[in-house]
file input-v2.cif (mmCIF, C-alpha atoms and all ligand atoms)
data_data
loop_
_atom_site.group_PDB
_atom_site.id
_atom_site.type_symbol
_atom_site.label_atom_id
_atom_site.label_comp_id
_atom_site.auth_asym_id
_atom_site.auth_seq_id
_atom_site.Cartn_x
_atom_site.Cartn_y
_atom_site.Cartn_z
ATOM 1 C CA MET A 1 99.441 -66.510 144.264
ATOM 2 C CA PRO A 2 100.496 -63.844 141.706
ATOM 3 C CA ARG A 3 102.135 -65.095 138.514
ATOM 4 C CA LYS A 4 105.801 -64.100 138.157
ATOM 5 C CA ILE A 5 106.456 -62.448 134.808
ATOM 6 C CA ILE A 6 109.035 -60.556 132.778
ATOM 7 C CA ILE A 7 107.646 -58.056 130.244
ATOM 8 C CA ASP A 8 109.879 -57.716 127.172
ATOM 9 C CA THR A 9 108.804 -54.586 125.363
ATOM 10 C CA ASP A 10 109.297 -51.815 122.779
ATOM 11 C CA PRO A 11 107.099 -48.995 124.160
ATOM 12 C CA GLY A 12 104.992 -47.918 122.144
ATOM 13 C CA GLN A 13 101.730 -46.564 123.544
ATOM 14 C CA ASP A 14 100.062 -49.981 123.597
ATOM 15 C CA ASP A 15 103.064 -51.514 125.367
ATOM 16 C CA ALA A 16 102.706 -48.732 127.944
ATOM 17 C CA VAL A 17 99.093 -49.677 128.663
ATOM 18 C CA ALA A 18 100.085 -53.341 128.958
ATOM 19 C CA ILE A 19 102.728 -52.446 131.557
ATOM 20 C CA LEU A 20 100.268 -50.216 133.454
ATOM 21 C CA LEU A 21 97.684 -53.024 133.539
ATOM 22 C CA ALA A 22 100.311 -55.403 134.939
ATOM 23 C CA LEU A 23 101.393 -52.911 137.609
ATOM 24 C CA ALA A 24 97.751 -52.314 138.574
ATOM 25 C CA SER A 25 97.192 -56.033 139.196
ATOM 26 C CA PRO A 26 99.534 -57.161 141.994
ATOM 27 C CA ASP A 27 97.181 -59.945 143.130
ATOM 28 C CA GLU A 28 97.523 -61.668 139.768
ATOM 29 C CA ILE A 29 100.892 -60.427 138.491
ATOM 30 C CA ASP A 30 104.323 -60.126 140.110
ATOM 31 C CA LEU A 31 106.333 -58.115 137.578
ATOM 32 C CA LEU A 32 109.933 -59.226 138.204
ATOM 33 C CA GLY A 33 111.358 -56.836 135.636
ATOM 34 C CA VAL A 34 110.963 -55.100 132.310
ATOM 35 C CA THR A 35 113.372 -55.733 129.424
ATOM 36 C CA ALA A 36 113.503 -53.242 126.575
ATOM 37 C CA VAL A 37 114.128 -54.234 122.975
ATOM 38 C CA ALA A 38 114.499 -52.192 119.773
ATOM 39 C CA GLY A 39 111.263 -52.178 117.798
ATOM 40 C CA ASN A 40 108.707 -49.388 117.515
ATOM 41 C CA VAL A 41 111.575 -46.959 118.116
ATOM 42 C CA PRO A 42 115.315 -47.507 118.733
ATOM 43 C CA LEU A 43 116.463 -49.164 121.967
ATOM 44 C CA GLU A 44 117.542 -45.939 123.675
ATOM 45 C CA LEU A 45 113.957 -44.705 123.419
ATOM 46 C CA THR A 46 112.235 -47.986 124.293
ATOM 47 C CA ALA A 47 114.475 -48.274 127.375
ATOM 48 C CA LYS A 48 113.606 -44.667 128.283
ATOM 49 C CA ASN A 49 109.875 -45.112 127.622
ATOM 50 C CA ALA A 50 109.699 -48.263 129.751
ATOM 51 C CA ARG A 51 111.031 -46.246 132.702
ATOM 52 C CA ILE A 52 108.662 -43.359 131.995
ATOM 53 C CA VAL A 53 105.741 -45.788 132.213
ATOM 54 C CA CYS A 54 106.941 -47.421 135.437
ATOM 55 C CA GLU A 55 107.325 -43.973 137.000
ATOM 56 C CA LEU A 56 103.891 -42.915 135.729
ATOM 57 C CA ALA A 57 102.499 -45.879 137.683
ATOM 58 C CA GLY A 58 104.604 -44.949 140.719
ATOM 59 C CA HIS A 59 106.661 -48.131 140.396
ATOM 60 C CA THR A 60 110.320 -47.157 140.330
ATOM 61 C CA ASP A 61 110.908 -50.464 142.181
ATOM 62 C CA VAL A 62 110.590 -52.448 138.929
ATOM 63 C CA PRO A 63 114.016 -52.927 137.301
ATOM 64 C CA VAL A 64 114.202 -51.902 133.639
ATOM 65 C CA TYR A 65 117.002 -53.419 131.541
ATOM 66 C CA ALA A 66 118.161 -52.450 128.067
ATOM 67 C CA GLY A 67 118.445 -55.360 125.647
ATOM 68 C CA CYS A 68 119.207 -55.900 121.977
ATOM 69 C CA ASP A 69 119.406 -52.793 119.817
ATOM 70 C CA ARG A 70 118.786 -54.567 116.531
ATOM 71 C CA PRO A 71 117.392 -57.818 115.108
ATOM 72 C CA LEU A 72 119.582 -60.937 114.959
ATOM 73 C CA ASN A 73 120.471 -60.748 111.278
ATOM 74 C CA ARG A 74 118.757 -57.718 109.816
ATOM 75 C CA PRO A 75 118.716 -53.952 110.046
ATOM 76 C CA LEU A 76 116.155 -52.529 112.490
ATOM 77 C CA VAL A 77 112.779 -51.472 111.117
ATOM 78 C CA THR A 78 110.960 -48.978 113.352
ATOM 79 C CA ALA A 79 107.389 -47.617 113.437
ATOM 80 C CA GLU A 80 107.583 -43.900 114.185
ATOM 81 C CA HIS A 81 104.768 -43.485 111.661
ATOM 82 C CA VAL A 82 102.526 -45.209 114.197
ATOM 83 C CA HIS A 83 103.987 -44.312 117.583
ATOM 84 C CA GLY A 84 105.577 -40.917 116.852
ATOM 85 C CA LYS A 85 109.191 -39.747 117.108
ATOM 86 C CA THR A 86 109.519 -40.533 120.816
ATOM 87 C CA GLY A 87 107.577 -43.794 120.588
ATOM 88 C CA LEU A 88 105.288 -42.485 123.307
ATOM 89 C CA ASP A 89 103.799 -39.420 121.574
ATOM 90 C CA GLY A 90 100.528 -38.061 122.921
ATOM 91 C CA PRO A 91 100.913 -37.126 126.602
ATOM 92 C CA VAL A 92 103.686 -34.866 127.850
ATOM 93 C CA LEU A 93 105.466 -37.056 130.409
ATOM 94 C CA PRO A 94 108.610 -36.210 132.394
ATOM 95 C CA ASP A 95 111.939 -37.799 131.530
ATOM 96 C CA PRO A 96 112.665 -40.783 133.790
ATOM 97 C CA GLN A 97 114.520 -40.246 137.060
ATOM 98 C CA MET A 98 115.067 -43.959 137.662
ATOM 99 C CA PRO A 99 118.286 -45.298 136.106
ATOM 100 C CA LEU A 100 118.452 -48.341 133.869
ATOM 101 C CA ALA A 101 119.201 -51.512 135.854
ATOM 102 C CA GLN A 102 122.784 -52.655 135.471
ATOM 103 C CA GLY A 103 123.447 -55.453 132.988
ATOM 104 C CA HIS A 104 121.993 -56.635 129.719
ATOM 105 C CA ALA A 105 118.338 -57.614 129.453
ATOM 106 C CA VAL A 106 119.278 -60.997 127.982
ATOM 107 C CA ASP A 107 121.350 -61.822 131.065
ATOM 108 C CA PHE A 108 118.501 -60.684 133.325
ATOM 109 C CA ILE A 109 116.146 -63.084 131.509
ATOM 110 C CA ILE A 110 118.656 -65.954 131.804
ATOM 111 C CA ASP A 111 119.557 -65.266 135.444
ATOM 112 C CA THR A 112 115.912 -64.843 136.482
ATOM 113 C CA LEU A 113 114.799 -68.110 134.880
ATOM 114 C CA ARG A 114 117.719 -69.930 136.512
ATOM 115 C CA ALA A 115 117.041 -68.337 139.915
ATOM 116 C CA HIS A 116 113.349 -69.273 140.146
ATOM 117 C CA GLU A 117 111.786 -72.736 140.355
ATOM 118 C CA PRO A 118 111.340 -74.267 136.872
ATOM 119 C CA GLY A 119 107.908 -73.534 135.418
ATOM 120 C CA THR A 120 107.205 -70.515 137.630
ATOM 121 C CA VAL A 121 108.245 -67.563 135.432
ATOM 122 C CA THR A 122 106.214 -66.395 132.403
ATOM 123 C CA LEU A 123 107.767 -64.360 129.595
ATOM 124 C CA CYS A 124 105.542 -61.660 128.055
ATOM 125 C CA PRO A 125 107.118 -60.350 124.828
ATOM 126 C CA LEU A 126 105.305 -57.295 123.437
ATOM 127 C CA GLY A 127 107.781 -56.417 120.661
ATOM 128 C CA PRO A 128 110.247 -58.138 118.336
ATOM 129 C CA LEU A 129 111.524 -61.412 119.839
ATOM 130 C CA THR A 130 115.229 -60.550 119.637
ATOM 131 C CA ASN A 131 115.908 -60.582 123.408
ATOM 132 C CA ILE A 132 114.033 -63.851 123.943
ATOM 133 C CA ALA A 133 115.713 -65.642 121.025
ATOM 134 C CA THR A 134 119.139 -64.384 122.116
ATOM 135 C CA ALA A 135 118.554 -65.654 125.669
ATOM 136 C CA PHE A 136 117.390 -69.069 124.399
ATOM 137 C CA THR A 137 120.434 -69.337 122.124
ATOM 138 C CA LYS A 138 122.907 -68.204 124.797
ATOM 139 C CA ALA A 139 121.397 -70.423 127.521
ATOM 140 C CA PRO A 140 119.363 -73.324 126.041
ATOM 141 C CA ASP A 141 118.849 -74.714 129.553
ATOM 142 C CA ILE A 142 116.365 -71.939 130.369
ATOM 143 C CA VAL A 143 113.781 -72.940 127.737
ATOM 144 C CA ASP A 144 112.414 -75.779 129.854
ATOM 145 C CA ARG A 145 112.310 -73.470 132.883
ATOM 146 C CA VAL A 146 109.840 -71.085 131.206
ATOM 147 C CA GLN A 147 106.282 -71.514 132.529
ATOM 148 C CA GLU A 148 104.776 -70.006 129.393
ATOM 149 C CA ILE A 149 105.432 -67.378 126.754
ATOM 150 C CA VAL A 150 102.421 -65.092 126.241
ATOM 151 C CA LEU A 151 103.233 -62.816 123.324
ATOM 152 C CA MET A 152 101.645 -60.233 121.084
ATOM 153 C CA GLY A 153 102.532 -60.901 117.470
ATOM 154 C CA GLY A 154 101.527 -62.425 114.184
ATOM 155 C CA ALA A 155 98.243 -62.657 112.370
ATOM 156 C CA TYR A 156 96.242 -65.134 110.317
ATOM 157 C CA PHE A 157 92.854 -63.813 109.150
ATOM 158 C CA GLU A 158 94.012 -60.211 109.654
ATOM 159 C CA VAL A 159 97.260 -60.827 107.707
ATOM 160 C CA GLY A 160 99.790 -57.952 107.802
ATOM 161 C CA ASN A 161 100.028 -54.468 109.282
ATOM 162 C CA ILE A 162 103.598 -53.615 108.239
ATOM 163 C CA THR A 163 103.596 -55.567 104.946
ATOM 164 C CA PRO A 164 100.641 -57.232 103.212
ATOM 165 C CA ALA A 165 101.742 -60.515 104.824
ATOM 166 C CA ALA A 166 103.362 -59.767 108.181
ATOM 167 C CA GLU A 167 102.621 -58.238 111.579
ATOM 168 C CA PHE A 168 105.269 -55.779 112.862
ATOM 169 C CA ASN A 169 106.752 -57.647 115.875
ATOM 170 C CA ILE A 170 107.388 -60.780 113.841
ATOM 171 C CA TYR A 171 108.443 -58.902 110.702
ATOM 172 C CA VAL A 172 111.171 -56.918 112.472
ATOM 173 C CA ASP A 173 112.998 -60.069 113.571
ATOM 174 C CA PRO A 174 111.635 -63.158 111.800
ATOM 175 C CA GLU A 175 114.684 -65.288 112.638
ATOM 176 C CA ALA A 176 114.170 -64.535 116.339
ATOM 177 C CA ALA A 177 110.496 -65.465 116.053
ATOM 178 C CA ASP A 178 111.459 -68.698 114.294
ATOM 179 C CA ILE A 179 113.767 -69.623 117.187
ATOM 180 C CA VAL A 180 111.048 -68.917 119.751
ATOM 181 C CA PHE A 181 108.263 -70.750 117.902
ATOM 182 C CA LYS A 182 110.539 -73.801 117.421
ATOM 183 C CA SER A 183 111.895 -73.710 120.991
ATOM 184 C CA GLY A 184 109.351 -76.130 122.459
ATOM 185 C CA ALA A 185 108.254 -73.590 125.078
ATOM 186 C CA HIS A 186 104.500 -73.299 125.782
ATOM 187 C CA ILE A 187 103.387 -70.313 123.701
ATOM 188 C CA VAL A 188 100.157 -68.300 123.760
ATOM 189 C CA VAL A 189 99.846 -65.920 120.798
ATOM 190 C CA MET A 190 97.775 -62.733 120.745
ATOM 191 C CA PRO A 191 97.671 -61.987 116.984
ATOM 192 C CA LEU A 192 96.110 -59.072 115.137
ATOM 193 C CA ASP A 193 93.080 -61.373 114.700
ATOM 194 C CA VAL A 194 92.347 -60.655 118.363
ATOM 195 C CA THR A 195 93.924 -57.250 118.938
ATOM 196 C CA HIS A 196 92.059 -55.632 116.055
ATOM 197 C CA ASP A 197 88.881 -56.283 118.035
ATOM 198 C CA ALA A 198 90.268 -54.582 121.150
ATOM 199 C CA LEU A 199 89.517 -51.112 119.822
ATOM 200 C CA VAL A 200 89.508 -47.984 121.952
ATOM 201 C CA THR A 201 86.271 -46.460 120.699
ATOM 202 C CA PRO A 202 85.609 -42.816 121.639
ATOM 203 C CA HIS A 203 83.273 -43.984 124.404
ATOM 204 C CA ARG A 204 85.965 -46.255 125.842
ATOM 205 C CA ASN A 205 88.574 -43.518 125.642
ATOM 206 C CA ASP A 206 86.201 -41.164 127.446
ATOM 207 C CA ALA A 207 86.060 -43.757 130.238
ATOM 208 C CA PHE A 208 89.860 -43.545 130.540
ATOM 209 C CA ARG A 209 89.652 -39.732 130.664
ATOM 210 C CA ALA A 210 86.841 -39.890 133.198
ATOM 211 C CA LEU A 211 89.197 -41.639 135.627
ATOM 212 C CA ASP A 212 90.520 -38.095 135.965
ATOM 213 C CA SER A 213 93.910 -39.330 137.136
ATOM 214 C CA LYS A 214 97.434 -38.823 135.804
ATOM 215 C CA VAL A 215 97.306 -42.361 134.405
ATOM 216 C CA GLY A 216 93.788 -42.001 132.980
ATOM 217 C CA HIS A 217 94.626 -38.791 131.148
ATOM 218 C CA ALA A 218 97.972 -40.144 129.916
ATOM 219 C CA VAL A 219 96.356 -43.287 128.498
ATOM 220 C CA ALA A 220 93.606 -41.248 126.810
ATOM 221 C CA GLU A 221 96.211 -38.921 125.275
ATOM 222 C CA MET A 222 98.345 -41.874 124.128
ATOM 223 C CA THR A 223 95.257 -43.360 122.478
ATOM 224 C CA ASP A 224 94.319 -40.053 120.828
ATOM 225 C CA PHE A 225 97.749 -40.080 119.168
ATOM 226 C CA PHE A 226 98.137 -43.790 118.514
ATOM 227 C CA GLU A 227 94.699 -44.283 116.882
ATOM 228 C CA ARG A 228 95.454 -42.084 113.847
ATOM 229 C CA PHE A 229 97.336 -44.824 112.008
ATOM 230 C CA ASP A 230 94.693 -47.548 112.342
ATOM 231 C CA LYS A 231 91.753 -45.230 111.760
ATOM 232 C CA GLU A 232 93.299 -44.001 108.502
ATOM 233 C CA LYS A 233 94.491 -47.436 107.368
ATOM 234 C CA TYR A 234 91.669 -49.686 108.520
ATOM 235 C CA GLY A 235 88.895 -47.172 109.007
ATOM 236 C CA SER A 236 88.624 -48.688 112.458
ATOM 237 C CA GLU A 237 86.660 -47.087 115.273
ATOM 238 C CA GLY A 238 89.742 -46.494 117.382
ATOM 239 C CA ALA A 239 93.213 -47.661 118.381
ATOM 240 C CA PRO A 240 93.712 -51.423 118.676
ATOM 241 C CA LEU A 241 95.178 -52.115 122.111
ATOM 242 C CA HIS A 242 97.479 -54.909 120.929
ATOM 243 C CA ASP A 243 99.849 -55.486 123.840
ATOM 244 C CA PRO A 244 97.391 -55.126 126.782
ATOM 245 C CA CYS A 245 95.721 -58.311 125.471
ATOM 246 C CA VAL A 246 98.788 -60.156 126.797
ATOM 247 C CA THR A 247 98.433 -58.749 130.312
ATOM 248 C CA ALA A 248 94.634 -59.157 130.305
ATOM 249 C CA TYR A 249 95.096 -62.842 129.411
ATOM 250 C CA LEU A 250 97.198 -63.348 132.544
ATOM 251 C CA ILE A 251 94.403 -61.841 134.659
ATOM 252 C CA ARG A 252 91.273 -63.161 132.914
ATOM 253 C CA PRO A 253 92.183 -65.831 130.318
ATOM 254 C CA GLU A 254 88.488 -66.581 129.811
ATOM 255 C CA LEU A 255 88.189 -63.311 127.870
ATOM 256 C CA PHE A 256 90.034 -65.013 124.999
ATOM 257 C CA SER A 257 89.527 -68.100 122.878
ATOM 258 C CA GLY A 258 91.677 -69.781 120.254
ATOM 259 C CA ARG A 259 93.132 -73.021 118.960
ATOM 260 C CA HIS A 260 96.248 -75.044 119.759
ATOM 261 C CA ILE A 261 97.770 -75.274 116.314
ATOM 262 C CA ASN A 262 100.987 -75.274 114.327
ATOM 263 C CA VAL A 263 102.468 -71.833 113.651
ATOM 264 C CA GLU A 264 105.597 -71.396 111.571
ATOM 265 C CA ILE A 265 107.451 -68.240 110.551
ATOM 266 C CA GLU A 266 108.433 -67.251 107.013
ATOM 267 C CA THR A 267 112.141 -66.319 107.078
ATOM 268 C CA GLN A 268 113.153 -66.827 103.420
ATOM 269 C CA SER A 269 110.694 -65.119 101.078
ATOM 270 C CA GLU A 270 111.046 -61.344 100.722
ATOM 271 C CA LEU A 271 107.387 -61.239 99.660
ATOM 272 C CA THR A 272 105.999 -62.893 102.793
ATOM 273 C CA LEU A 273 108.897 -62.376 105.246
ATOM 274 C CA GLY A 274 107.699 -62.512 108.854
ATOM 275 C CA MET A 275 104.349 -64.106 108.058
ATOM 276 C CA THR A 276 102.981 -66.354 110.806
ATOM 277 C CA VAL A 277 101.780 -69.335 108.816
ATOM 278 C CA ALA A 278 99.091 -70.533 111.223
ATOM 279 C CA ASP A 279 97.536 -73.910 110.431
ATOM 280 C CA TRP A 280 94.156 -72.708 111.792
ATOM 281 C CA TRP A 281 92.264 -75.297 109.699
ATOM 282 C CA ARG A 282 94.740 -78.067 110.569
ATOM 283 C CA VAL A 283 95.274 -78.918 106.894
ATOM 284 C CA THR A 284 98.773 -80.235 107.655
ATOM 285 C CA ASP A 285 100.054 -82.767 110.149
ATOM 286 C CA ARG A 286 102.644 -80.320 111.448
ATOM 287 C CA PRO A 287 102.692 -80.551 115.268
ATOM 288 C CA ALA A 288 100.820 -77.929 117.274
ATOM 289 C CA ASN A 289 103.272 -75.539 118.955
ATOM 290 C CA ALA A 290 101.137 -72.551 119.958
ATOM 291 C CA MET A 291 97.793 -71.566 121.452
ATOM 292 C CA PHE A 292 96.792 -69.090 118.734
ATOM 293 C CA MET A 293 94.008 -66.799 119.920
ATOM 294 C CA GLY A 294 91.147 -65.980 117.572
ATOM 295 C CA SER A 295 88.643 -63.916 119.555
ATOM 296 C CA VAL A 296 88.263 -61.673 122.570
ATOM 297 C CA ASP A 297 85.340 -60.405 124.650
ATOM 298 C CA ALA A 298 86.222 -56.796 123.803
ATOM 299 C CA GLN A 299 83.843 -55.153 126.279
ATOM 300 C CA GLY A 300 84.984 -57.476 129.033
ATOM 301 C CA PHE A 301 88.571 -56.571 128.159
ATOM 302 C CA PHE A 302 87.851 -52.836 128.401
ATOM 303 C CA ASP A 303 85.855 -53.190 131.613
ATOM 304 C CA LEU A 304 88.839 -54.990 133.175
ATOM 305 C CA LEU A 305 91.353 -52.489 131.816
ATOM 306 C CA THR A 306 89.403 -49.425 132.958
ATOM 307 C CA GLU A 307 88.713 -50.876 136.411
ATOM 308 C CA ARG A 308 92.414 -51.699 136.874
ATOM 309 C CA LEU A 309 93.760 -48.384 135.564
ATOM 310 C CA ALA A 310 91.523 -46.682 138.132
ATOM 311 C CA ARG A 311 93.708 -48.253 140.816
ATOM 312 C CA LEU A 312 96.869 -46.390 139.724
HETATM 313 O O1 LIG A 401 101.820 -54.986 115.375
HETATM 314 C C1 LIG A 401 101.542 -54.481 116.659
HETATM 315 C C2 LIG A 401 102.733 -54.620 117.552
HETATM 316 O O2 LIG A 401 103.819 -53.872 117.008
HETATM 317 C C3 LIG A 401 102.495 -54.023 118.957
HETATM 318 O O3 LIG A 401 103.261 -54.727 119.895
HETATM 319 C C4 LIG A 401 103.014 -52.625 118.817
HETATM 320 O O4 LIG A 401 103.465 -52.087 120.058
HETATM 321 C C5 LIG A 401 104.193 -52.847 117.914
HETATM 322 O O5 LIG A 401 105.290 -53.299 118.722
HETATM 323 CA CA CA A 402 104.889 -53.517 121.286
#

call {"tool": "encode", "arguments": {"input": "input-v2.cif", "output": "structure tokens", "more": "lines below"}}
Ligand code: RIB
Ligand code: CA
result
Amino acid sequence: MPRKIIIDTDPGQDDAVAILLALASPDEIDLLGVTAVAGNVPLELTAKNARIVCELAGHTDVPVYAGCDRPLNRPLVTAEHVHGKTGLDGPVLPDPQMPLAQGHAVDFIIDTLRAHEPGTVTLCPLGPLTNIATAFTKAPDIVDRVQEIVLMGGAYFEVGNITPAAEFNIYVDPEAADIVFKSGAHIVVMPLDVTHDALVTPHRNDAFRALDSKVGHAVAEMTDFFERFDKEKYGSEGAPLHDPCVTAYLIRPELFSGRHINVEIETQSELTLGMTVADWWRVTDRPANAMFMGSVDAQGFFDLLTERLARL
């Protein structure tokens, strides 16, 4: 029985690969809809990019909704320096033909959770948590209806990628993250601690190219663009595929391991704003509220990803 999910996203090349992996896995994932949020680039572009990706996969049947265009209480911080001006730099892809679905993404999230049996819809945020926090605040009754939240965000051992202390998705909207992490929903976190091991080495990117398909070439070209930032900054071997770790977890959770611990969000200090304070060593008696992943079988992840992308 495929798992019903909503992907909330700010595409972003890695978001794009996460969406493609979901669309390539209909036996495990029933993608009810995609909700765009402002993050890597402004909302108009993330909403456009989400449609570009669905069309690339030949899935114009998936509704794409536009959501919040800025964080709850702060100005938007974007990441063109990583993802390029369009947010999807790398491949040359046609503008979307499919229209945006009517209505606000937050209302789609609320209506969908209310329409399906409690505990049967999973939320997969891949960007700032503004849409999710807004939905939870507007309709508190939906929190208990969420099967699970599987999100990409935060960091503990890897610390920050946008500031010395904070990972981008959490940093952009720390108040939204605080609402989500305190909501009581079951949360699985894919932090930089995991995603920095999911690196697209040249060999792995050649495997994408060797698929010799529209999707294979597009993913390889996205990676060629997207890897510059991390290779320069971290000296890493290739682009970290952050967001596809979320989709891969839904398909093969055994690829990942972590700890059920307390995770709280810094929302006051300018110095450490957006830090995910993860009690990995359980040095406090703060209650566990998240399954915080710490490691991934990187080759297993890439074998799965490559095999699935070959289907598109
Ligand atoms: O810090 C990495 C996260 O920020 C990823 O989701 C990437 O797409 C950006 O949104
Ligand atoms: Ca993202």

call {"tool": "resolve_selection", "arguments": {"input": "input-v2.cif", "expression": "the PyMOL selection byres (((not hetatm)) within 6 of (chain A and resi 401))", "output": "NGL selection string"}}
result
:A and (10 or 12 or 14-15 or 40 or 126-127 or 152 or 167-169 or 242-243)

call {"tool": "write_last_selection", "arguments": {"input": "input-v2.cif", "atoms": "C-alpha atoms", "output": "mmCIF file, in the frame of the given file"}}
result
data_model
loop_
_atom_site.group_PDB
_atom_site.id
_atom_site.type_symbol
_atom_site.label_atom_id
_atom_site.label_comp_id
_atom_site.auth_asym_id
_atom_site.auth_seq_id
_atom_site.Cartn_x
_atom_site.Cartn_y
_atom_site.Cartn_z
ATOM 1 C CA ASP A 10 109.297 -51.815 122.779
ATOM 2 C CA GLY A 12 104.992 -47.918 122.144
ATOM 3 C CA ASP A 14 100.062 -49.981 123.597
ATOM 4 C CA ASP A 15 103.064 -51.514 125.367
ATOM 5 C CA ASN A 40 108.707 -49.388 117.515
ATOM 6 C CA LEU A 126 105.305 -57.295 123.437
ATOM 7 C CA GLY A 127 107.781 -56.417 120.661
ATOM 8 C CA MET A 152 101.645 -60.233 121.084
ATOM 9 C CA GLU A 167 102.621 -58.238 111.579
ATOM 10 C CA PHE A 168 105.269 -55.779 112.862
ATOM 11 C CA ASN A 169 106.752 -57.647 115.875
ATOM 12 C CA HIS A 242 97.479 -54.909 120.929
ATOM 13 C CA ASP A 243 99.849 -55.486 123.840
#

call {"tool": "residues_around", "arguments": {"input": "input-v2.cif", "residues": "stretch 135-142 of chain A", "least_positions_apart": "4", "cutoff": "12 Å", "atoms": "all atoms listed in the file", "output": "PyMOL selection string"}}
result
chain A and resi 8+35+67-68+72+104-123+129-131+146-148+175-185

call {"tool": "closest_residue", "arguments": {"input": "input-v2.cif", "among": "A:Thr134, A:Thr272, A:Thr78, A:Thr223", "to": "A:Thr163", "atoms": "all atoms listed in the file"}}
result
A:Thr272

call {"tool": "residues_around", "arguments": {"input": "input-v2.cif", "residues": "A:Phe256", "least_positions_apart": "6", "cutoff": "10 Å", "atoms": "only C-alpha atoms", "output": "ChimeraX atom specification"}}
result
/A:190,194,245,248-249,293-298,300-301

call {"tool": "resolve_selection", "arguments": {"input": "input-v2.cif", "expression": "the PyMOL selection byres (((chain A and resi 64) around 10) and not hetatm)", "output": "PyMOL selection string"}}
result
chain A and resi 7-8+32-36+47-48+50-51+54+60-63+65-67+98-105+108

call {"tool": "residues_near_point", "arguments": {"input": "input-v2.cif", "point": "(111.8, -41.4, 115.7)", "cutoff": "12 Å", "atoms": "all atoms listed in the file", "output": "PDB file with C-alpha atoms, keeping the file's coordinate frame"}}
result
ATOM      1  CA  GLY A  12     104.992 -47.918 122.144  1.00  0.00           C
ATOM      2  CA  ALA A  38     114.499 -52.192 119.773  1.00  0.00           C
ATOM      3  CA  GLY A  39     111.263 -52.178 117.798  1.00  0.00           C
ATOM      4  CA  ASN A  40     108.707 -49.388 117.515  1.00  0.00           C
ATOM      5  CA  VAL A  41     111.575 -46.959 118.116  1.00  0.00           C
ATOM      6  CA  PRO A  42     115.315 -47.507 118.733  1.00  0.00           C
ATOM      7  CA  LEU A  43     116.463 -49.164 121.967  1.00  0.00           C
ATOM      8  CA  GLU A  44     117.542 -45.939 123.675  1.00  0.00           C
ATOM      9  CA  LEU A  45     113.957 -44.705 123.419  1.00  0.00           C
ATOM     10  CA  THR A  46     112.235 -47.986 124.293  1.00  0.00           C
ATOM     11  CA  VAL A  77     112.779 -51.472 111.117  1.00  0.00           C
ATOM     12  CA  THR A  78     110.960 -48.978 113.352  1.00  0.00           C
ATOM     13  CA  ALA A  79     107.389 -47.617 113.437  1.00  0.00           C
ATOM     14  CA  GLU A  80     107.583 -43.900 114.185  1.00  0.00           C
ATOM     15  CA  HIS A  81     104.768 -43.485 111.661  1.00  0.00           C
ATOM     16  CA  VAL A  82     102.526 -45.209 114.197  1.00  0.00           C
ATOM     17  CA  HIS A  83     103.987 -44.312 117.583  1.00  0.00           C
ATOM     18  CA  GLY A  84     105.577 -40.917 116.852  1.00  0.00           C
ATOM     19  CA  LYS A  85     109.191 -39.747 117.108  1.00  0.00           C
ATOM     20  CA  THR A  86     109.519 -40.533 120.816  1.00  0.00           C
ATOM     21  CA  GLY A  87     107.577 -43.794 120.588  1.00  0.00           C
ATOM     22  CA  LEU A  88     105.288 -42.485 123.307  1.00  0.00           C
ATOM     23  CA  ASP A  89     103.799 -39.420 121.574  1.00  0.00           C
TER      24      ASP A  89
END

call {"tool": "closest_residue", "arguments": {"input": "input-v2.cif", "among": "A:Met222, A:Leu241, A:Leu76, A:Val53", "to": "ligand CA 402 (chain A)", "atoms": "all atoms listed in the file"}}
result
A:Leu241

call {"tool": "closest_residue", "arguments": {"input": "input-v2.cif", "among": "A:Leu255, A:Pro26, A:Thr195, A:Phe226", "to": "A:Gln299", "atoms": "only C-alpha atoms"}}
result
A:Leu255

call {"tool": "residues_around", "arguments": {"input": "input-v2.cif", "residues": "A:Met1", "least_positions_apart": "3", "cutoff": "12 Å", "atoms": "all atoms listed in the file", "output": "list in words"}}
result
Lys4, Ser25, Pro26, Asp27, Glu28, Ile29, Asp30, Thr120 and Ile251 of chain A

call {"tool": "residues_around", "arguments": {"input": "input-v2.cif", "residues": "A:Pro174", "least_positions_apart": "2", "cutoff": "8 Å", "atoms": "only C-alpha atoms", "output": "NGL selection string"}}
result
:A and (170-172 or 176-178 or 265-267 or 273-274)

call {"tool": "write_last_selection", "arguments": {"input": "input-v2.cif", "atoms": "C-alpha atoms", "output": "PDB file, keeping the file's coordinate frame"}}
result
ATOM      1  CA  ILE A 170     107.388 -60.780 113.841  1.00  0.00           C
ATOM      2  CA  TYR A 171     108.443 -58.902 110.702  1.00  0.00           C
ATOM      3  CA  VAL A 172     111.171 -56.918 112.472  1.00  0.00           C
ATOM      4  CA  ALA A 176     114.170 -64.535 116.339  1.00  0.00           C
ATOM      5  CA  ALA A 177     110.496 -65.465 116.053  1.00  0.00           C
ATOM      6  CA  ASP A 178     111.459 -68.698 114.294  1.00  0.00           C
ATOM      7  CA  ILE A 265     107.451 -68.240 110.551  1.00  0.00           C
ATOM      8  CA  GLU A 266     108.433 -67.251 107.013  1.00  0.00           C
ATOM      9  CA  THR A 267     112.141 -66.319 107.078  1.00  0.00           C
ATOM     10  CA  LEU A 273     108.897 -62.376 105.246  1.00  0.00           C
ATOM     11  CA  GLY A 274     107.699 -62.512 108.854  1.00  0.00           C
TER      12      GLY A 274
END

call {"tool": "axis_aligned_box", "arguments": {"input": "input-v2.cif", "around": "stretch 153-164 of chain A", "padding_each_side": "8 Å", "output": "AutoDock Vina command-line options"}}
result
--center_x 98.2 --center_y -59.4 --center_z 110.3 --size_x 26.7 --size_y 27.5 --size_z 30.3

call {"tool": "closest_residue", "arguments": {"input": "input-v2.cif", "among": "A:Asp206, A:Glu232, A:Glu264, A:Glu158", "to": "A:Ala220", "atoms": "only C-alpha atoms"}}
result
A:Asp206
